[in-house]
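J.: Got a structure for you, written out below as structure tokens; questions coming shortly.
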Amino acid sequence: MTETSNDPPAIVWFRWDLRLADHEALAAAERSGRGLLLCYIGPDERPLGAASRWWLHHSLASLGRSIAALGGRLILRRGPSADVLAELVKETGAAEVHCSAALDADGQAEQQAAWKRLDELGVRLECHPGVTLLEPAAIRPGNPYRVFTPFWKSCRQLLSPEPPLPAPRRLRFSSKLPRADRLEQWALLPHRPNWAAGFEAHWQPGEQGAAEQLGLFLDTGLASYAAGRDVPARRASSRLSPHLRFGEISPRQVYHAVTSSDLQQGTGPAETFLRQLGWREFNYHLLAHWPDLSVRAMRPEFDAFPWRDDAAALRAWQRGETGYPLVDAGMRELWATGWMHNRVRMVAASLLIKHLLIPWQQGEAWFWDTLVDADPANNAGGWQWVAGSGADAAPYFRIFNPTTQGKKFDPSGAYVARWVPELAALAPKYIHEPSRAPAAILEHAGVVLGETYPWPLVEHGFARARALDAYALARSAKRAAPLQESE
DNA sequence: TTTTGAGTTGTTCGA
DNA sequence: GTCGAACAACTCAAA
């Protein structure tokens, strides 16, 4: 028997928080005692990447099922959210609106506009925390951290051991049911061609999938995380990133589950993993203070960097045809599954930036389009870190050798063999540098360089020297105009 | 207030 | 083959 209410409802506006458990906005709406009206207003912020749209479709379907199981309905609407919320208030007489606070500039502008419009109608919009563990703008406001370790240290002291809120076992819904779109109308899924056909085998979007993934990681991954996280063939990653991105699980739930697991705390794998959550917090901290993090280099001298315009090389990189097997494996894993191992992301990003001298923003944009975990803070922060243009950046002289990285972190070649099958028959000794393999070995493995697999797009030694020159130029530009930012 | 040492993820070179 | 140094410049916190 479903409970409903005829009184003015409380609206919960779902955003990047597609879950029912540990949901502060939902809990606050429940506390109001009013009947609930749950809505999602669809895609409107920085245009969603194609992979994110695929995930969003399935995540919304999942949330809709969870709500239906409790006797309610998820109202889907499209349009500027201020307009849609105002319509919903007029149609239903809703008395209050709750949402999770956005942490990116677009989301905040949207929220501001909605607040203003609702205020005119005499309705309060309440924004609740939950996307991050701590309020990222509130950590040392006015003097943001630029180095991760001290940031994370101070976070660890601020973190409260408060447990996450349980999933509601029942909800009291409003009897008012406004018009709603059907999810299919939004056409979020790709068609002709359906490039996401392979995604289903790798992911289960939605709150239940997130919980199962966390459980699996705690049972089988966490203990070996510190040792295995750098080995892409091993699948030792938590693979929680898209679930966190869409808020199907909260960072507080993850933090709590990991710290209350059996593993010894303070050292070891649990600590190593929590640091990764810390980087997520750090990137949101940066985004709070540098709202155009995804576009503009934090270090102004990078405006003078001698980038190259090379559409053909960019395309080869996107397709996984650079001639560097580890990078190509990663780019193809990305295309096939919407995700890439973290170690390989660094090497692939480094190759685009330092070997090809293509602006990091172009790589950021490709990742934004193709990653199911594309996140405004993590994606931008990560690319700026590799470029050396960000906070606590990689030193300019740290130029990954993609071949060495392959031999070191994929010694058996299993990762390359999986994603670059045309090299699978090469022995581990040569699989990371087919261009160095003797002709007989290549022939035996069925590899014809330049035909079945490309020659390296650029020779490493040459590219390294060229990158060092480019960085030297940017550094001299900085010395020439040191007061640029300080007026 | 000043000083000091450390800081996610590397590579290369020469002893 | 292994090992340490060099590859800058700057932020941050502890002393």
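Convention: chains lettered A, B, ... in structure tokens order; per-chain residue numbering from 1; ligands numbered from 1 as shown.
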Counting only C-alpha atoms (C1' of nucleotides), give me one row per residue of chain B with an atom at most 9 Å from an atom of chain A, showing the shortest contact pair and its distance in Å to one decimal, sorted by chain then residue number, as a Markdown table.
T.:
| residue | atom | partner | partner_atom | distance |
| --- | --- | --- | --- | --- |
| B:DG7 | C1' | A:Thr149 | CA | 7.3 |
| B:DT8 | C1' | A:Phe148 | CA | 8.6 |
| B:DT9 | C1' | A:Arg343 | CA | 7.5 |
| B:DG10 | C1' | A:Arg398 | CA | 5.2 |
| B:DT11 | C1' | A:Arg398 | CA | 7.0 |
J.: According to DSSP computed on the backbone, where in region 46-85 of chain A is there alpha helix (DSSP H)? Give the residues as number ranges by chain.
T.: A: 50-69, 81-85
J.: Report as a Markdown table the residues of chain C within 8 Å of chain A, each with its shortest atom pair and distance in Å (one decimal), using only C-alpha atoms (C1' of nucleotides), ordered by chain and increasing residue number.
T.:
| residue | atom | partner | partner_atom | distance |
| --- | --- | --- | --- | --- |
| C:DC7 | C1' | A:Phe397 | CA | 6.2 |
| C:DT11 | C1' | A:Val147 | CA | 6.5 |
| C:DC12 | C1' | A:Pro150 | CA | 6.9 |
| C:DA13 | C1' | A:Pro150 | CA | 7.8 |
J.: Out of A:Leu244, A:Leu121, A:Ala414, A:Ile11, which residue has the shortest atom-to-atom distance to Val372 (chain A) when counting only C-alpha atoms?
T.: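 Of the candidates, the smallest distance to Val372 (chain A) is held by A:Leu244.
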J.: Do you know which residues are at most 9 Å from Leu218 (chain A) counting only C-alpha atoms (C1' of nucleotides), after dropping those on the same chain fewer than 5 positions away, and could you put them as a list in words?
T.: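 The residues satisfying every condition are Gln213, Ala223, Ser238, Ala257, Val258 and Ser261 of chain A.
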J.: Go ahead and write the residues just picked, C-alpha atoms, as a CSV table (one decimal), in the first residue's frame.
T.:
chain,number,residue,atom,x,y,z
A,213,GLN,CA,31.0,-2.8,-7.2
A,223,ALA,CA,43.8,-5.8,0.1
A,238,SER,CA,38.0,0.1,-7.6
A,257,ALA,CA,33.0,1.3,4.1
A,258,VAL,CA,36.8,1.4,3.6
A,261,SER,CA,36.7,-2.8,6.7
J.: Rounded to one decimal, what separation in Å do you get between CA of Glu301 (chain A) and CA of Ala380 (chain A)?
T.: 17.6 Å
J.: So the first atom is CA of Ser476 (chain A) and the second is CA of Ala348 (chain A); what is the distance between them in Å, to one decimal place?
T.: 26.9 Å
J.: Considering only C-alpha atoms (C1' of nucleotides), return as a PDB file with N, CA and C atoms, in the first residue's frame whatever protein or nucleic-acid residues lie within 8 Å of Phe302 (chain A), sequence-local ones (same chain, fewer than 5 positions apart) excluded.
T.:
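Printed below is result35.pdb as written:
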ATOM      1  N   ALA A 297      44.808  27.243 -18.160  1.00  0.00           N
ATOM      2  CA  ALA A 297      45.913  26.744 -17.343  1.00  0.00           C
ATOM      3  C   ALA A 297      46.009  27.547 -16.054  1.00  0.00           C
ATOM      4  N   SER A 389      50.786  22.348 -15.823  1.00  0.00           N
ATOM      5  CA  SER A 389      50.219  23.698 -15.768  1.00  0.00           C
ATOM      6  C   SER A 389      49.314  23.876 -14.561  1.00  0.00           C
ATOM      7  N   ALA A 474      58.450  28.272 -22.408  1.00  0.00           N
ATOM      8  CA  ALA A 474      57.349  28.736 -21.554  1.00  0.00           C
ATOM      9  C   ALA A 474      57.911  29.304 -20.254  1.00  0.00           C
TER      10      ALA A 474
END
J.: I'd like the contact shell of Ser260 (chain A) - 10 Å cut-off, only C-alpha atoms (C1' of nucleotides), skipping same-chain residues fewer than 5 positions apart - returned as a list in words.
T.: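 The neighbour list is Pro161, Val254, Tyr255, Gln265 and Ala270 of chain A.
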J.: Could you tell me which of A:Val386, A:Val458, A:Ala187, A:Leu85 comes closest to Gly323 (chain A) if we count only C-alpha atoms?
T.: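 Going through A:Val386, A:Val458, A:Ala187, A:Leu85 one by one, the smallest distance to Gly323 (chain A) is for A:Val458.
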J.: Work out how far apart CA of Tyr415 (chain A) and CA of Leu326 (chain A) are and give it in Å to one decimal.
T.: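 Separation between CA of Tyr415 (chain A) and CA of Leu326 (chain A): 7.8 Å.
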J.: Quick one: residues within 10 Å of DA5 (chain C), only C-alpha atoms (C1' of nucleotides), excluding same-chain residues fewer than 2 positions away - as a list in words?
T.: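 Non-adjacent residues within range: DC13 and DG14 of chain B; DC3 and DC7 of chain C.
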J.: Kindly save the residues from that selection, with N, CA and C atoms (P, O5', C5', C4', C3', O3' and C1' of nucleotides) included, as a short mmCIF file (atom, residue, chain, number, x, y, z; two decimals), in the first residue's frame.
T.:
data_model
loop_
_atom_site.label_atom_id
_atom_site.label_comp_id
_atom_site.auth_asym_id
_atom_site.auth_seq_id
_atom_site.Cartn_x
_atom_site.Cartn_y
_atom_site.Cartn_z
P DC B 13 70.63 9.88 -22.10
"O5'" DC B 13 71.88 10.25 -21.21
"C5'" DC B 13 71.85 11.42 -20.40
"C4'" DC B 13 72.95 11.32 -19.37
"C3'" DC B 13 74.16 10.50 -19.85
"O3'" DC B 13 75.35 11.19 -19.52
"C1'" DC B 13 73.35 9.66 -17.80
P DG B 14 76.71 10.78 -20.26
"O5'" DG B 14 77.72 10.76 -19.04
"C5'" DG B 14 77.44 11.51 -17.84
"C4'" DG B 14 77.97 10.74 -16.66
"C3'" DG B 14 79.23 9.91 -16.97
"O3'" DG B 14 80.09 9.99 -15.86
"C1'" DG B 14 77.60 8.51 -16.09
P DC C 3 71.07 -1.24 -6.76
"O5'" DC C 3 71.76 0.19 -6.77
"C5'" DC C 3 73.15 0.33 -6.43
"C4'" DC C 3 73.51 1.80 -6.54
"C3'" DC C 3 72.41 2.72 -6.05
"O3'" DC C 3 72.92 3.61 -5.08
"C1'" DC C 3 73.08 3.32 -8.25
P DC C 7 71.39 20.05 -12.92
"O5'" DC C 7 69.99 19.93 -13.64
"C5'" DC C 7 69.87 19.19 -14.86
"C4'" DC C 7 68.45 18.85 -15.06
"C3'" DC C 7 67.46 19.87 -14.52
"O3'" DC C 7 67.19 20.82 -15.52
"C1'" DC C 7 66.72 17.62 -14.20
#
J.: Given the choices A:Ile75, A:Leu357, A:Ser350, A:Leu314, which gets closest to Asp469 (chain A) if the distance is worked out from only C-alpha atoms?
T.: A:Leu357
